[in-house]
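*Asks:* Dropping a structure here in structure tokens format, bear with me for questions.
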Amino acid sequence: MTGSGTDVFLSELGRALPGIGRGLLVTLEATALGAALALLVAFALGLASRSRAVVVRGAARVTVEFLRGTSLYVQLFWLFFALPMLGFRLEPMACGVLAFGLNYGAYGAEVVRGSIAAVPAAQTEAAIALGMGPGLRLRRVVLPQAYVLMVPPFKNLLIQLLKATPLLSLVTIADLTFAIDQLRSQTGATASAYLLLLLLYFGVAALLGAGMDALERTAKERLGQEGRNA
Amino acid sequence: MPTETDHGPEKVRFDRVTKRFGEQTVLDGLDLTVAPGERVTLIGPSGSGKTTILRLLMTLERVTDGVVHLDGEPYSHMPSGRAGGKLVPADERYLAPRRRRVGMVFQQFNLFPHLSVLANVTEAPRHVLSLDADEAAARARDLLGLVGLADKEDAHPTRLSGGQQQRVAIARALAMRPELLLLDEVTSALDPELVAEVLDVLRDVAAGTDITMLCVTHEMGFARDISHRILMFDEGRVLESDAPERLLDDPEHERTRAFLRTIR
């Protein structure tokens, strides 16, 4: 890149900053809302897939497999382009959040199911021996122990969800990728603009990852799995 | 030496109970009655069904055939409600209030690793019996004192020795004030030097309460001290049943003699 090219890029960057900031907020919003919905879906489908009722369990399994087995890209397009043809028009952001929530929620359901299954049966037996019913056992004994197992895979899913948000720019949403792409087309500085985009995603991913690591540490401390020197 | 309890109403009765795991028959038409306040120790070779008896009483397993009674009413089963008085397997709602009369201490302690020692003991009284926090804590502190761990209430279970963990588990079971306490090889997972502290606590519990106790153990000295009666099990049936001194010192059956020789 020439000296003058860098100058043009930097001055354009200065002017584009508010737009990039708005785009970043949109990306963060979509990530946060998508993750919140994904968490709900993950617990609902994860718990349902452990149900004793074969109908509930079967429905949960089929839903999880369907959502995992169809591309996020296609799901988003279906919500955005096909659903209106059936008479349901959603805001673009709602389409994005719904697609992220359902798709990553299905992956999360496997995390929830697996983590609950990994809590030793002896813990449930101890709870039964103390007269605890099924709801109490799950809430007070199994989930607090399963939680620590869920955090690391949830961290992966959260970062993957963040990295899927550029799809939003395909359904008319001005997210971070959209804003940087504007800058690129205004300056022609493709390499610089996309490098900046990489760094911004990396920065957000690093912050989210650090937050999840902190959650994992506190969860482990509560289980006495960390800093043990006895 | 404990005296023979009165044969009042029954606490526990197994009525022709069979338990099979797949092809393997663990209990074979077992009849067994335990009186209120009676302390009974089950001995016998591994696989003879002793632990299964405790697990059936704790509702951790279901009978294959026959009926388990608690306090003179069906426990593994419940009246179907229809005329004819047929019994059907008990559901969760039927079991919940009855199971609360029964407590169990496990071989592997099974403390809750996400809770402090005190919270392990207060958890069920608070959330099952709906005691308020102060009341549950007071009850728990009394019991932690009884098991000699008053100074460990804030400790994390994983930082305790096996013997200490098992004593917390005993306090946790007693906090529910069970009428029937099941002890499933409670010292088998402990290092030899930690066995005595756990057995001493249980001797105190036996001496200080009238809880009915069913105990599976290989500690014959302990069995002799606390039991009113010892049952020798073999192949899913009671081979013989007698007062400790008779059964341990002068057993009737050769198989009992052979078993006692192997564990001495």
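Ligands are numbered from 1 in the order shown, residues from 1 within each chain, and chains are lettered A, B, ... in the order they appear in the structure tokens.
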Select all residues from chain A having any atom no more than 8 Å from an atom of chain B (counting only C-alpha atoms, ignoring ligands), output as a compact mmCIF listing (two decimals) with C-alpha atoms, in the first residue's frame.
*Replies:*
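Written output follows (out_32.txt):
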```
# COMPACT_ATOMS: atom_id res chain seq x y z
CA ALA A 122 -24.67 -41.90 42.60
CA GLN A 123 -25.46 -38.21 43.04
CA GLU A 125 -29.23 -41.80 44.31
CA ALA A 126 -27.95 -39.72 47.23
CA ILE A 128 -33.35 -39.86 46.35
CA ALA A 129 -32.09 -41.16 49.69
CA LEU A 130 -32.70 -37.66 51.09
CA GLY A 131 -36.29 -37.72 49.88
CA MET A 132 -35.78 -35.31 47.00
CA GLY A 133 -38.27 -35.57 44.13
CA LEU A 136 -35.56 -30.94 43.20
CA VAL A 141 -28.14 -31.59 42.67
CA PRO A 144 -25.28 -27.35 39.49
CA GLN A 145 -22.79 -30.13 38.76
CA ARG A 222 -17.44 -24.09 43.78
CA LEU A 223 -17.01 -27.77 42.96
CA GLY A 224 -13.60 -27.76 44.66
CA ARG A 228 -6.77 -28.07 45.55
CA ALA A 230 -4.83 -31.21 50.09
```
*Asks:* Within 7 Å of B:Pro36, counting only C-alpha atoms, which residues show up once you throw out same-chain ones fewer than 3 positions away? Write them as a VMD selection string, please.
*Replies:* chain B and resid 9 to 11 212
*Asks:* Go ahead and write the selection's residues with C-alpha atoms as an mmCIF file, in the first residue's frame.
*Replies:*
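Written file, again.cif:
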```cif
data_model
loop_
_atom_site.group_PDB
_atom_site.id
_atom_site.type_symbol
_atom_site.label_atom_id
_atom_site.label_comp_id
_atom_site.auth_asym_id
_atom_site.auth_seq_id
_atom_site.Cartn_x
_atom_site.Cartn_y
_atom_site.Cartn_z
ATOM 1 C CA PRO B 9 -45.499 -54.206 64.730
ATOM 2 C CA GLU B 10 -43.198 -54.703 61.782
ATOM 3 C CA LYS B 11 -41.061 -51.913 60.371
ATOM 4 C CA THR B 212 -34.300 -49.143 62.949
#
```
*Asks:* Hey, which of B:Arg237, B:Glu254, B:Arg229, B:Leu190 ends up closest to B:Val40? Count only C-alpha atoms.
*Replies:* B:Arg229
*Asks:* Looking at only C-alpha atoms, which of B:Arg246, B:His253, B:Arg139, B:Arg264 is the one that sits closest to B:Ala119?
*Replies:*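 Among B:Arg246, B:His253, B:Arg139, B:Arg264, it is B:Arg139 that comes nearest to B:Ala119.
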*Asks:* Find the residues around A:Leu76 up to 7 Å (only C-alpha atoms counted), leave out those fewer than 4 positions away in its own chain, and share them as a VMD selection string.
*Replies:* chain A and resid 72 80 95 to 96 99
*Asks:* Mind giving me the straight-line distance from atom CA of A:Ile180 to atom CA of A:Leu197 in Å, one decimal?
*Replies:*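 Value for the atom CA of A:Ile180-atom CA of A:Leu197 distance: 6.6 Å.
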*Asks:* Quick one, how far is atom CA of A:Leu195 from atom CA of A:Phe100?
*Replies:*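 Atom CA of A:Leu195 sits 25.3 Å away from atom CA of A:Phe100.
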*Asks:* So that I can check the surroundings of stretch 109-118 of chain A, please list as a list in words every protein, DNA and RNA residue that reaches within 9 Å of it, counting only C-alpha atoms and ignoring chain neighbours fewer than 5 positions away.
*Replies:* Ala38, Leu39, Val41, Ala42, Phe43, Ala44, Leu45, Gly46, Leu47, Ala48, Ser49, Arg50, Val64, Tyr104, Leu138, Val142, Leu143, Gln145, Ala146, Tyr147, Val148, Leu149, Met150, Pro153 and Phe154 of chain A
*Asks:* Contacts of A:Ala36 at 8 Å or less, counting only C-alpha atoms, minus same-chain residues fewer than 4 places along, as a ChimeraX atom specification?
*Replies:* /A:32,40,101
*Asks:* Output C-alpha atoms for every residue in that selection, as a PDB file, in the first residue's frame.
*Replies:*
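Writing done, so here's result.pdb:
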```
ATOM      1  CA  ALA A  32     -26.235 -11.618  22.783  1.00  0.00           C
ATOM      2  CA  LEU A  40     -33.286 -21.373  26.268  1.00  0.00           C
ATOM      3  CA  GLY A 101     -31.016 -19.282  18.560  1.00  0.00           C
TER       4      GLY A 101
END
```
*Asks:* Measure the distance from atom CA of B:Arg62 to atom CA of B:Glu185 in Å and round it to one decimal.
*Replies:*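 Straight-line distance from atom CA of B:Arg62 to atom CA of B:Glu185 works out to 20.6 Å.
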*Asks:* How would you write, as a tab-separated table (two decimals) with N, CA and C atoms, in the first residue's frame, the set of residues in stretch 108-221 of chain B that DSSP gives as strand (DSSP E)?
*Replies:*
```
chain	number	residue	atom	x	y	z
B	180	LEU	N	-35.83	-45.40	59.55
B	180	LEU	CA	-35.09	-46.58	59.11
B	180	LEU	C	-33.81	-46.09	58.44
B	181	LEU	N	-32.67	-46.54	58.96
B	181	LEU	CA	-31.39	-46.10	58.40
B	181	LEU	C	-30.68	-47.30	57.77
B	182	LEU	N	-30.29	-47.12	56.50
B	182	LEU	CA	-29.64	-48.19	55.75
B	182	LEU	C	-28.16	-47.86	55.61
B	183	LEU	N	-27.31	-48.78	56.02
B	183	LEU	CA	-25.86	-48.55	55.97
B	183	LEU	C	-25.26	-49.56	55.00
B	184	ASP	N	-24.81	-49.06	53.85
B	184	ASP	CA	-24.34	-49.97	52.80
B	184	ASP	C	-22.82	-49.99	52.73
B	212	THR	N	-34.46	-47.80	63.50
B	212	THR	CA	-34.30	-49.14	62.95
B	212	THR	C	-33.12	-49.10	61.98
B	213	MET	N	-32.22	-50.06	62.08
B	213	MET	CA	-31.05	-50.02	61.22
B	213	MET	C	-30.86	-51.34	60.48
B	214	LEU	N	-30.58	-51.18	59.18
B	214	LEU	CA	-30.21	-52.34	58.37
B	214	LEU	C	-28.82	-52.07	57.83
B	215	CYS	N	-27.92	-53.01	58.09
B	215	CYS	CA	-26.52	-52.71	57.89
B	215	CYS	C	-25.87	-53.84	57.08
B	216	VAL	N	-25.18	-53.47	56.00
B	216	VAL	CA	-24.37	-54.44	55.28
B	216	VAL	C	-22.91	-54.11	55.59
```
*Asks:* Residues within 7 Å of stretch 170-178 of chain A, please, as a list in words. Count only C-alpha atoms; anything in the same chain fewer than 2 positions from it doesn't count.
*Replies:* Ile20, Gly23, Leu24, Val26, Thr27, Pro92, Pro166, Leu167, Leu168, Ile180, Asp181, Gln182 and Leu197 of chain A
*Asks:* Keeping N, CA and C atoms for every residue in the selection just given, could you write it to a file as an mmCIF file, in the first residue's frame?
*Replies:*
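Final output, again_19.cif:
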```cif
data_model
loop_
_atom_site.group_PDB
_atom_site.id
_atom_site.type_symbol
_atom_site.label_atom_id
_atom_site.label_comp_id
_atom_site.auth_asym_id
_atom_site.auth_seq_id
_atom_site.Cartn_x
_atom_site.Cartn_y
_atom_site.Cartn_z
ATOM 1 N N ILE A 20 -18.965 2.121 11.922
ATOM 2 C CA ILE A 20 -18.372 0.860 12.381
ATOM 3 C C ILE A 20 -18.826 0.556 13.811
ATOM 4 N N GLY A 23 -22.247 -0.714 13.659
ATOM 5 C CA GLY A 23 -22.207 -2.096 13.148
ATOM 6 C C GLY A 23 -21.760 -3.073 14.220
ATOM 7 N N LEU A 24 -20.762 -2.648 15.004
ATOM 8 C CA LEU A 24 -20.264 -3.508 16.084
ATOM 9 C C LEU A 24 -21.374 -3.763 17.107
ATOM 10 N N VAL A 26 -24.564 -3.716 16.542
ATOM 11 C CA VAL A 26 -25.542 -4.637 15.952
ATOM 12 C C VAL A 26 -25.044 -6.079 16.055
ATOM 13 N N THR A 27 -23.753 -6.267 15.759
ATOM 14 C CA THR A 27 -23.162 -7.606 15.854
ATOM 15 C C THR A 27 -23.242 -8.134 17.290
ATOM 16 N N PRO A 92 -35.795 -8.222 10.019
ATOM 17 C CA PRO A 92 -34.552 -8.925 9.681
ATOM 18 C C PRO A 92 -33.775 -9.378 10.926
ATOM 19 N N PRO A 166 -21.848 -12.466 10.508
ATOM 20 C CA PRO A 166 -21.748 -11.768 9.214
ATOM 21 C C PRO A 166 -22.851 -12.177 8.242
ATOM 22 N N LEU A 167 -23.490 -13.323 8.477
ATOM 23 C CA LEU A 167 -24.630 -13.704 7.633
ATOM 24 C C LEU A 167 -25.726 -12.640 7.659
ATOM 25 N N LEU A 168 -25.759 -11.876 8.761
ATOM 26 C CA LEU A 168 -26.795 -10.839 8.888
ATOM 27 C C LEU A 168 -26.732 -9.837 7.749
ATOM 28 N N ILE A 180 -17.749 -2.428 7.639
ATOM 29 C CA ILE A 180 -16.373 -2.484 7.153
ATOM 30 C C ILE A 180 -16.355 -2.657 5.633
ATOM 31 N N ASP A 181 -17.331 -3.371 5.123
ATOM 32 C CA ASP A 181 -17.410 -3.574 3.688
ATOM 33 C C ASP A 181 -17.680 -2.239 2.978
ATOM 34 N N GLN A 182 -18.490 -1.390 3.620
ATOM 35 C CA GLN A 182 -18.719 -0.034 3.102
ATOM 36 C C GLN A 182 -17.383 0.701 3.000
ATOM 37 N N LEU A 197 -11.241 -5.929 10.013
ATOM 38 C CA LEU A 197 -12.417 -6.738 10.343
ATOM 39 C C LEU A 197 -12.010 -8.001 11.115
#
```
